[in-house]
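Asker: This is the structure, below, for whatever I ask next.
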Amino acid sequence: MASKSKKSDEIDNLDGEMGSESFDFPKEEEKVLKMWKEMDAFRTQLKLSENRKRYTFYDGPPFATGLPHYGHILAGTIKDTVTRWATQTGHHVERRFGWDCHGLPVEFEIDKKLGIKGPNDVLKMGVDTYNNECRSIVMRYSKEWEEIISRLGRWIDFENDYKTLYPTFMESVWWVFKEIYKKKLVYRGFKVMPYSTSCCTPLSNFEAGQNYKDVQDPAVVITFPALDDKGIELGFSFLAWTTTPWTLPSNLALCMHSELDYVKVKDKKHDNQVYVLAEARLTEVFKSAEDYEILDKQKGSFYKGQKYRPLFDYFVDVVDDNAFRVLNDSYVTSDSGTGIVHQAPYFGEDDYRVCIGAKIITKVGPIVCPVDASGCFTSEVKDFVGQHVKEADKHIMKFLKDKNRLYSQATIQHQYPFCWRSDTPLLYKAVPSWFVKVEEIKDKLLENNAKTYWVPEFAKEKRFANWLSDARDWAISRNRFWGNPIPLWVSDDFEEVVCVGSIQELKELSGVQDITDIHKEFVDRITIPSKMGKGVLKRVPEVFDCWFESGSMPYAQVHYPFERKEEFESNFPADFIAEGIDQTRGWFYTLLVISTAIFNKPPFKNLITNGLVLAADGQKMSKSKKNFPDPSDTIHKYGADSIRLYLISSPAVRGDAVKFVEKGVRDVIKDAFLPWVNASKFLIQNIERWENEENKKFSYEEISVYTGVNIMDKWLLSSIQSLLKFVRQEMNAYRLYTVLPRLIKFIDTLCNWYVRLNRKRLRGETGSEDSFFALNTLYNVLYWMVRLCAPFIPFLTESIYQRIKKYLGDNAEKLEFASVHYLQIPEVNENLIDSDTENLFEVMQRIIVLGRTLRDRKKLALRLPLKELVVIVENYPGIDLAIKNVESYIYEELNVKKFNLTLDKEQYGIEMKAKPNFAVLATKVKEKMKKLSALIEKMTDSEVQEFRKNGKFVLDGTELSLEDILLVPKLDSTKFSQYEPGFDRNVIELLDITPDEEMVNEGVLRDVVNRVQRLRKEYKLVPTDDITVYYQVKPENSKLNTLLKNSIEYLESNLKKPVKPYENGLNLKVQGKSFDFLDGKVELWIEKLQPNES
């Protein structure tokens, strides 16, 4: 567009005037990192702020067994931005990095390395040996984590970190558990849980929900012949459906819905056998109605208690007469299968519940669970012993087919949970576990959640609250080895249980004094004498779920309550936490459960949760697919600031997913950073020019009240204060997604409007005093900006600040001014805010941008003068007088000879017409699109005006909003054909697009000036360099040659340097460059004069 090319040209010119060398952002950042290291910047900042009010931040611990990805970078940037902001708004913020050291991620790596298939392999090698192997890789990538995080500019303490394997951390976790245990919120029980056969441990429901995949599974229909009380077949069979054939050896019942209709049918394709199934499933089981004959129809309740012949005899003698019968329950549906579900109570949550209710099993047995820790059948299932259950599916189907019990088999594609660590299918399996009674405190969880503030709100009110409402008791134990041991010592019959809450307590109870490490290999050998005459108590074999540890980090990271007790209690809950949206079922949940159980408080006050960062193709980032750029390479290529700003200004900060597109990072540099750098360099060079000309030092004068007369200065000072006010307000609400667009927009305002439109003042062309006012205004605003943007863009703000700091006078040498990150965010100065001036400039900008758009539409370069611009501004009282303050900028920016503001659009025969906005409207009306489009285009001017006034309009019974239409001014083309019309909100514009020869010539001269400025940049010249510009035109008799000969004065006035025709024999040091204009070609040279030549 013309507006963009114009801005690009002006930036080039500005850069050319400054003689700027290319700004290498990654290298500049490395210089800043070196400076921070030399001055120990982070610790110095902490020292300077130590007497301020505390702001508490909790950092969720990652595993160091993998490398950081863009999701970590996004969450880390959010954390760094908010904690930097807190520090620079009057707080002291301790920021400690944490590491998750226990659990499946570590064990899985060791199991792969050592070829371990199950718990017996670990016991053979020794728990101590196994745990030492785990310990050796816990911090495998910690160096890489620290390097990347530090390179990203995040200030966080790695030296004073916390690790979940530290004895102090583990001891606090024991204390947490004992507090929950004392409240009678812990119990041991059997429960059907997601189980990882690869990792040999149960998982919590929120872990199971992390990794669903589309899979193909067998879908089989099995026959269950009905029996009378004597065991004689009744001549019909139930048809039951399952996608887990491996559970059939454990079948103990069938289940039907009491209110569903079930039919007894004769199957003509299967020797007239008689089957019972749900009426609603007939068309799914039989291909044609001719294949069956309905004999009877009954409700499911009719068959309740009906006995049937077991599929296998493995457990016939284990259960009583209540088994192998039809049960009723409302969880059965007619949406899939046959409407009859087989029940294997130890492999399904509903199965377990229904069979407990029917007294087929009890909470203490009999236990029909013939699958070992590795997912293989035990000896009870003699026909398939040792086979992994998933592998056994096909053998079981063949077995049943041979026994004539397999009615049909097919495959089904559906979503199935996989282990989040090993990426293997989970089983649902009953295991003995230790549970926290979450269901008992559910109401308190919801109450405490209501006390917290989330961004975005929907994650709290919908996603998290819904999860809490359906929360179940939390299985906190894992049948593993590398973890924090559950501190329960029990008798063999579990009648005597002792919960230990500290190392000291264990010493006192056991008599063992040499306890420094409380991992499994050390504490399992410690016993406690029984007080009930039961010999000695031994520790239960389980370890804590690592989520229990991370949920305990607020207390354990400071060794609470054993150390820093008062400090912790005065700063709990945390002021702020942040992680990805997947943690709604992870860390956010465990934090809340534990803090509610112990203190009945929420663990945090404010939370930001970010969406997922996806690859550019919208898929999950995958190392194997290589569908995303390596973070280290991207940092090396573009620098950290651009990645930070790209990510925290994306929809991900609102909780939405974002596609990581490398071009977006590059555009941040091009559109925001480079103009800012150029503006700061332009300021410094002109301050140096001013100092040389005035022969005195420039010293910044803080502007608290504006007493000048330049409206541009007044507008910029007002704009920066309005921005400060907005950013402070939004950051108080943790809305980064509203802040960043405004910051980026202001950078554009500063660089592409103020600096460009004030070049003459800044360069001293309007006098020394006016130049100082402009330079001081720009300095004030830049100084405000680097402080305001420092939390978001830490490197570039530091780089710019270090360049302008020397003009702060005596403050420049003070420690608290050594880094921009030691400074406080400026307070808002209401005295400088002038909303009328800001509104005026907003209209002026709209006029200029719209004018550029009209030029672009007609392919008329900005350097070509045009006769007239007519502007109608609606709903702006007093605009006719106010516009006079800025009309000189409109003339200059749009290069028009005449500017005419009118309030009377009828004078030009203008009518407002509407067109359908297909992109929006198509999704709303679909089938009425064609009809509504025609009606919209027929709307009269008065109807359009009514629409604009009310914000809505009804056409053909459909209510439309303003976003559904596009407004277009329509001219009386018979009278005003010379005008090109345009419209933007309350501005209507008419641009006379008929150029004459004089205007064309003026455009050529402007173009020549622009080419010279670009050559200045190319040759790395600065404004103070003495140069002479030479030109030569061919052919000599061209209009172009005549024009340039007659316009030397114009060229010298604009270039501020001598312009001379090239003469043969001149020995110039530079090569000329040729450009085509009008009917000729001009070659241009720029010759730099040495001091003795000038």
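Each chain of the structure tokens is named A, B, ... in the order shown, its residues numbered from 1; ligands are numbered from 1 in display order.
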Residues of stretch 615-759 of chain A in alpha helix (DSSP H) according to DSSP, as a tab-separated table (two decimals) with N, CA and C atoms, in the first residue's frame?

Answerer:
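Listed below is the output, part25.tsv:
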chain	number	residue	atom	x	y	z
A	631	PRO	N	14.47	-23.45	18.71
A	631	PRO	CA	14.46	-22.17	19.44
A	631	PRO	C	15.82	-21.49	19.49
A	632	SER	N	16.88	-22.27	19.68
A	632	SER	CA	18.22	-21.66	19.75
A	632	SER	C	18.60	-21.00	18.44
A	633	ASP	N	18.23	-21.65	17.32
A	633	ASP	CA	18.53	-21.07	16.01
A	633	ASP	C	17.74	-19.78	15.80
A	634	THR	N	16.48	-19.77	16.24
A	634	THR	CA	15.65	-18.58	16.07
A	634	THR	C	16.19	-17.41	16.90
A	635	ILE	N	16.63	-17.71	18.11
A	635	ILE	CA	17.23	-16.66	18.95
A	635	ILE	C	18.49	-16.12	18.30
A	636	HIS	N	19.31	-17.03	17.79
A	636	HIS	CA	20.57	-16.62	17.15
A	636	HIS	C	20.31	-15.77	15.90
A	637	LYS	N	19.20	-16.04	15.24
A	637	LYS	CA	18.88	-15.37	13.98
A	637	LYS	C	18.23	-14.01	14.19
A	638	TYR	N	17.28	-13.94	15.15
A	638	TYR	CA	16.49	-12.72	15.31
A	638	TYR	C	16.67	-12.04	16.66
A	640	ALA	N	16.27	-12.41	21.12
A	640	ALA	CA	15.24	-12.86	22.06
A	640	ALA	C	14.05	-11.90	22.13
A	641	ASP	N	14.31	-10.59	22.07
A	641	ASP	CA	13.22	-9.61	22.20
A	641	ASP	C	12.12	-9.85	21.18
A	642	SER	N	12.52	-10.13	19.94
A	642	SER	CA	11.53	-10.29	18.88
A	642	SER	C	10.68	-11.53	19.12
A	643	ILE	N	11.30	-12.60	19.64
A	643	ILE	CA	10.54	-13.81	19.95
A	643	ILE	C	9.59	-13.53	21.11
A	644	ARG	N	10.11	-12.87	22.13
A	644	ARG	CA	9.28	-12.53	23.30
A	644	ARG	C	8.06	-11.73	22.88
A	645	LEU	N	8.31	-10.66	22.13
A	645	LEU	CA	7.20	-9.77	21.76
A	645	LEU	C	6.22	-10.48	20.84
A	646	TYR	N	6.73	-11.29	19.93
A	646	TYR	CA	5.86	-12.04	19.01
A	646	TYR	C	4.94	-12.97	19.80
A	647	LEU	N	5.48	-13.68	20.77
A	647	LEU	CA	4.69	-14.65	21.52
A	647	LEU	C	3.70	-13.98	22.47
A	648	ILE	N	4.15	-12.94	23.21
A	648	ILE	CA	3.23	-12.37	24.21
A	648	ILE	C	2.25	-11.37	23.60
A	662	GLU	N	7.69	-18.14	11.63
A	662	GLU	CA	8.96	-17.43	11.76
A	662	GLU	C	8.88	-16.01	11.20
A	663	LYS	N	8.09	-15.84	10.14
A	663	LYS	CA	7.95	-14.52	9.54
A	663	LYS	C	7.41	-13.51	10.55
A	664	GLY	N	6.57	-13.97	11.47
A	664	GLY	CA	6.02	-13.08	12.49
A	664	GLY	C	7.09	-12.51	13.39
A	665	VAL	N	8.11	-13.32	13.69
A	665	VAL	CA	9.24	-12.85	14.51
A	665	VAL	C	10.03	-11.80	13.73
A	666	ARG	N	10.26	-12.08	12.45
A	666	ARG	CA	11.00	-11.14	11.60
A	666	ARG	C	10.25	-9.82	11.47
A	667	ASP	N	8.93	-9.88	11.37
A	667	ASP	CA	8.13	-8.66	11.21
A	667	ASP	C	8.19	-7.77	12.44
A	668	VAL	N	8.35	-8.36	13.63
A	668	VAL	CA	8.48	-7.56	14.85
A	668	VAL	C	9.69	-6.64	14.73
A	674	LEU	N	13.17	-1.79	14.42
A	674	LEU	CA	14.04	-0.97	13.58
A	674	LEU	C	13.64	0.50	13.59
A	675	PRO	N	12.34	0.83	13.43
A	675	PRO	CA	11.96	2.25	13.51
A	675	PRO	C	12.34	2.88	14.86
A	676	TRP	N	12.20	2.12	15.93
A	676	TRP	CA	12.53	2.62	17.26
A	676	TRP	C	14.04	2.89	17.38
A	677	VAL	N	14.82	1.94	16.89
A	677	VAL	CA	16.27	2.12	16.90
A	677	VAL	C	16.66	3.35	16.08
A	678	ASN	N	16.07	3.47	14.90
A	678	ASN	CA	16.40	4.61	14.03
A	678	ASN	C	16.02	5.93	14.67
A	679	ALA	N	14.86	5.95	15.34
A	679	ALA	CA	14.43	7.19	16.00
A	679	ALA	C	15.39	7.58	17.13
A	680	SER	N	15.85	6.57	17.89
A	680	SER	CA	16.77	6.87	18.99
A	680	SER	C	18.12	7.35	18.45
A	681	LYS	N	18.58	6.74	17.36
A	681	LYS	CA	19.84	7.19	16.76
A	681	LYS	C	19.70	8.61	16.21
A	682	PHE	N	18.56	8.87	15.61
A	682	PHE	CA	18.30	10.19	15.04
A	682	PHE	C	18.32	11.24	16.15
A	683	LEU	N	17.72	10.89	17.30
A	683	LEU	CA	17.73	11.79	18.45
A	683	LEU	C	19.16	12.07	18.90
A	684	ILE	N	19.94	11.01	19.09
A	684	ILE	CA	21.31	11.17	19.60
A	684	ILE	C	22.15	11.99	18.64
A	685	GLN	N	22.05	11.72	17.35
A	685	GLN	CA	22.85	12.46	16.37
A	685	GLN	C	22.48	13.94	16.36
A	686	ASN	N	21.22	14.22	16.54
A	686	ASN	CA	20.81	15.62	16.52
A	686	ASN	C	21.08	16.32	17.85
A	687	ILE	N	21.12	15.55	18.94
A	687	ILE	CA	21.60	16.15	20.20
A	687	ILE	C	23.07	16.52	20.04
A	688	GLU	N	23.85	15.62	19.46
A	688	GLU	CA	25.28	15.91	19.23
A	688	GLU	C	25.45	17.11	18.31
A	689	ARG	N	24.59	17.21	17.28
A	689	ARG	CA	24.63	18.37	16.39
A	689	ARG	C	24.32	19.64	17.16
A	690	TRP	N	23.28	19.58	17.99
A	690	TRP	CA	22.88	20.74	18.80
A	690	TRP	C	24.01	21.16	19.73
A	691	GLU	N	24.68	20.17	20.38
A	691	GLU	CA	25.78	20.47	21.29
A	691	GLU	C	26.94	21.15	20.55
A	692	ASN	N	27.23	20.67	19.34
A	692	ASN	CA	28.32	21.26	18.55
A	692	ASN	C	27.99	22.70	18.16
A	693	GLU	N	26.72	22.89	17.75
A	693	GLU	CA	26.32	24.22	17.29
A	693	GLU	C	26.22	25.21	18.44
A	694	GLU	N	25.75	24.75	19.60
A	694	GLU	CA	25.54	25.63	20.75
A	694	GLU	C	26.76	25.68	21.66
A	711	ILE	N	1.99	22.04	18.70
A	711	ILE	CA	0.91	21.08	18.93
A	711	ILE	C	1.38	19.63	18.81
A	712	MET	N	2.41	19.42	17.99
A	712	MET	CA	2.97	18.07	17.86
A	712	MET	C	3.56	17.61	19.19
A	713	ASP	N	4.32	18.49	19.85
A	713	ASP	CA	4.88	18.16	21.16
A	713	ASP	C	3.77	17.87	22.17
A	714	LYS	N	2.77	18.73	22.14
A	714	LYS	CA	1.64	18.59	23.05
A	714	LYS	C	0.94	17.25	22.85
A	715	TRP	N	0.75	16.89	21.57
A	715	TRP	CA	0.09	15.62	21.23
A	715	TRP	C	0.92	14.42	21.70
A	716	LEU	N	2.22	14.44	21.44
A	716	LEU	CA	3.06	13.30	21.80
A	716	LEU	C	3.12	13.14	23.32
A	717	LEU	N	3.27	14.24	24.04
A	717	LEU	CA	3.33	14.17	25.50
A	717	LEU	C	2.02	13.65	26.08
A	718	SER	N	0.92	14.07	25.49
A	718	SER	CA	-0.39	13.58	25.94
A	718	SER	C	-0.53	12.09	25.63
A	719	SER	N	-0.08	11.69	24.44
A	719	SER	CA	-0.23	10.30	24.00
A	719	SER	C	0.56	9.35	24.89
A	720	ILE	N	1.79	9.73	25.26
A	720	ILE	CA	2.59	8.84	26.10
A	720	ILE	C	1.99	8.72	27.49
A	721	GLN	N	1.40	9.79	28.00
A	721	GLN	CA	0.77	9.71	29.32
A	721	GLN	C	-0.50	8.87	29.27
A	722	SER	N	-1.26	9.01	28.21
A	722	SER	CA	-2.45	8.16	28.04
A	722	SER	C	-2.05	6.70	27.93
A	723	LEU	N	-0.95	6.46	27.23
A	723	LEU	CA	-0.43	5.09	27.12
A	723	LEU	C	-0.01	4.56	28.49
A	724	LEU	N	0.72	5.37	29.24
A	724	LEU	CA	1.13	4.97	30.58
A	724	LEU	C	-0.08	4.61	31.44
A	725	LYS	N	-1.10	5.43	31.36
A	725	LYS	CA	-2.32	5.21	32.15
A	725	LYS	C	-2.98	3.89	31.74
A	726	PHE	N	-3.06	3.67	30.44
A	726	PHE	CA	-3.69	2.45	29.93
A	726	PHE	C	-2.88	1.21	30.34
A	727	VAL	N	-1.57	1.26	30.15
A	727	VAL	CA	-0.74	0.09	30.44
A	727	VAL	C	-0.77	-0.24	31.93
A	728	ARG	N	-0.69	0.78	32.77
A	728	ARG	CA	-0.77	0.53	34.21
A	728	ARG	C	-2.11	-0.12	34.58
A	729	GLN	N	-3.17	0.39	34.00
A	729	GLN	CA	-4.51	-0.15	34.27
A	729	GLN	C	-4.62	-1.61	33.82
A	730	GLU	N	-4.14	-1.89	32.61
A	730	GLU	CA	-4.26	-3.24	32.07
A	730	GLU	C	-3.30	-4.22	32.74
A	731	MET	N	-2.11	-3.78	33.10
A	731	MET	CA	-1.19	-4.67	33.79
A	731	MET	C	-1.67	-4.99	35.20
A	732	ASN	N	-2.37	-4.06	35.82
A	732	ASN	CA	-2.99	-4.36	37.11
A	732	ASN	C	-4.01	-5.47	36.97
A	736	LEU	N	-2.03	-8.85	29.36
A	736	LEU	CA	-0.92	-8.56	28.45
A	736	LEU	C	-1.40	-8.43	27.02
A	737	TYR	N	-2.47	-9.14	26.69
A	737	TYR	CA	-2.93	-9.16	25.29
A	737	TYR	C	-3.53	-7.82	24.85
A	738	THR	N	-3.92	-6.97	25.81
A	738	THR	CA	-4.37	-5.63	25.41
A	738	THR	C	-3.23	-4.63	25.42
A	739	VAL	N	-2.22	-4.91	26.22
A	739	VAL	CA	-1.10	-3.97	26.38
A	739	VAL	C	-0.20	-3.94	25.15
A	740	LEU	N	0.20	-5.11	24.68
A	740	LEU	CA	1.21	-5.18	23.62
A	740	LEU	C	0.78	-4.48	22.33
A	741	PRO	N	-0.46	-4.66	21.85
A	741	PRO	CA	-0.84	-3.92	20.64
A	741	PRO	C	-0.73	-2.41	20.80
A	742	ARG	N	-1.07	-1.90	22.00
A	742	ARG	CA	-0.98	-0.45	22.22
A	742	ARG	C	0.47	0.02	22.26
A	743	LEU	N	1.36	-0.78	22.86
A	743	LEU	CA	2.77	-0.43	22.89
A	743	LEU	C	3.33	-0.37	21.47
A	744	ILE	N	3.00	-1.38	20.67
A	744	ILE	CA	3.50	-1.44	19.30
A	744	ILE	C	2.94	-0.27	18.49
A	745	LYS	N	1.65	0.04	18.72
A	745	LYS	CA	1.05	1.17	18.01
A	745	LYS	C	1.74	2.48	18.39
A	746	PHE	N	2.11	2.62	19.67
A	746	PHE	CA	2.77	3.86	20.07
A	746	PHE	C	4.17	3.98	19.46
A	747	ILE	N	4.87	2.86	19.33
A	747	ILE	CA	6.17	2.89	18.66
A	747	ILE	C	6.00	3.43	17.25
A	748	ASP	N	4.93	3.01	16.58
A	748	ASP	CA	4.63	3.54	15.24
A	748	ASP	C	4.33	5.04	15.33
A	749	THR	N	3.54	5.43	16.33
A	749	THR	CA	3.22	6.85	16.51
A	749	THR	C	4.48	7.68	16.70
A	756	ARG	N	9.11	11.72	12.06
A	756	ARG	CA	9.11	12.07	10.64
A	756	ARG	C	8.58	13.49	10.40
A	757	LEU	N	7.48	13.82	11.07
A	757	LEU	CA	6.87	15.12	10.83
A	757	LEU	C	7.61	16.27	11.52
A	759	ARG	N	11.14	16.36	11.59
A	759	ARG	CA	12.55	16.27	11.22
A	759	ARG	C	13.23	17.64	11.17

Asker: Contacts of stretch 1070-1079 of chain A at 9 Å or less, counting only C-alpha atoms, minus same-chain residues fewer than 5 places along, as a list in words?

Answerer: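 Once the nearby chain positions are removed, what remains is Asn1001, Val1004, Asp1007, Val1008, Arg1011, Leu1015, Tyr1030, Tyr1031, Pro1035, Ser1038, Lys1039, Leu1040, Leu1084, Trp1085, Ile1086 and Glu1087 of chain A.
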
Asker: Would you list the contacts of A:Asn328 as a count of residues only, taking every protein, DNA or RNA residue within 6 Å and counting only C-alpha atoms, but skipping same-chain residues closer than 5 positions in sequence?

Answerer: 4

Asker: Do you know which residues are at most 12 Å from A:Gly337 counting only C-alpha atoms, after dropping those on the same chain fewer than 2 positions away, and could you put them as a ChimeraX atom specification?

Answerer: /A:219-222,239-243,256,277-286,332-335,339-342,408-412

Asker: What does the distance from atom CA of A:Arg151 to atom CA of A:Arg95 come to in Å, to one decimal?

Answerer: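 Atom CA of A:Arg95 lies 16.6 Å from atom CA of A:Arg151.
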
Asker: Compile the contact shell of stretch 531-542 of chain A as a list in words: residues with an atom at most 8 Å away, counting only C-alpha atoms, same-chain residues fewer than 6 positions apart removed.

Answerer: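 Here the qualifying residues turn out to be Ser477, Arg478, Asn479, Arg480, Phe481, Pro485, Ile486, Pro487, Leu488, Trp489, Val490, Ser491, Asp492, Glu496, Val497, Val523 and Asp524 of chain A.
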